[in-house]
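Asker: Quick one: the structure is below, questions incoming.
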Amino acid sequence: MSLTEKDRIEQFKRDLRSYTYHQKKAMEIDEKLEELAVKLLGVSSPSAKEIVLENGGNPYCERKLELLMEEGELVNERSKHLTEIQRIDDALKLIDDEGKSILVYVFVEHNSYMKSAETYSRSISKLRRDMNEYIKIILKNES
């Protein structure tokens with residue numbers, strides 16, 4: 001089932017609204033990756049005193065494989081977020097600066113239509129029509 005043009009426009013608006021979410025998630029994952037790097041390269045070692053094996057656990061056993069698997073998952077997740085950010089950036093390059101400015105102001109910065117209409121000196125209905133036209137240009141040229 002193919003999406004209608006109206007559905008595609010609404011989906012692109014949702015994508016724009018989620019732009020900052022993807023940025024935040026990518027930064028959070030970067031922090032987690034830094035923490036994992038410290039754990040992977042950590043210099044801690046078991047103490048030299050007599051070792052008591054509780055529950056049969058080996059104090060010398062390293063969790064490197066588990067940490068490497070977690071690192072791989074985080075890298076893949078970060079890659080997905082960065083790909084979405086790049087896709088939106090590329091899409092916004094397809095329109096003029098005014099269109100990009102309006103779409104970013106309304107959807108990425110989450111400003112109200114009322115405030116946006118005042119900022120760009122137009123009525124709310126004209127603002128909505130202009131935004132839909134810019135998105136149509138993007139969708140037509142994106143593929």
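For the structure tokens, the naming scheme is as follows: chains receive sequential letters (A, B, ...) according to their order of presentation, residues are indexed from 1 within each chain, and ligands are indexed from 1 in presentation order.
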Using DSSP assignments from the backbone, pull out every residue in chain A that falls under alpha helix (DSSP H) and give it to me as a PyMOL selection string.
Answerer: chain A and resi 5-17+19-41+64-92+97-103+113-119+124-142
Asker: Skip Phe12 (chain A) itself and residues of its chain fewer than 2 positions away, then list as a list in words all residues within 12 Å of it, counting only C-alpha atoms.
Answerer: Glu5, Lys6, Asp7, Arg8, Ile9, Glu10, Arg14, Asp15, Leu16, Arg17, Ser18, Tyr19, Glu84, Arg87, Ile88, Ala91, Leu92, Leu103, Phe107, Val108, Met131, Asn132, Tyr134, Ile135, Lys136, Ile137, Ile138, Leu139 and Glu142 of chain A
Asker: Can I get the residues of region 54-104 of chain A within 12 Å of region 124-128 of chain A, each with the closest pair of atoms and their distance in Å to one decimal, using only C-alpha atoms, sorted chain first then ascending number, as a tab-separated table?
Answerer:
```
residue	atom	partner	partner_atom	distance
A:Glu98	CA	A:Leu127	CA	11.7
A:Gly99	CA	A:Leu127	CA	10.3
A:Ile102	CA	A:Leu127	CA	8.5
A:Leu103	CA	A:Leu127	CA	10.0
```
Asker: Select, from A:Leu3, A:Leu41, A:Leu65, A:Leu82, the residue with the minimum atom-to-atom distance to Met27 (chain A), counting only C-alpha atoms.
Answerer: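 Of the candidates, the smallest distance to Met27 (chain A) is held by A:Leu82.
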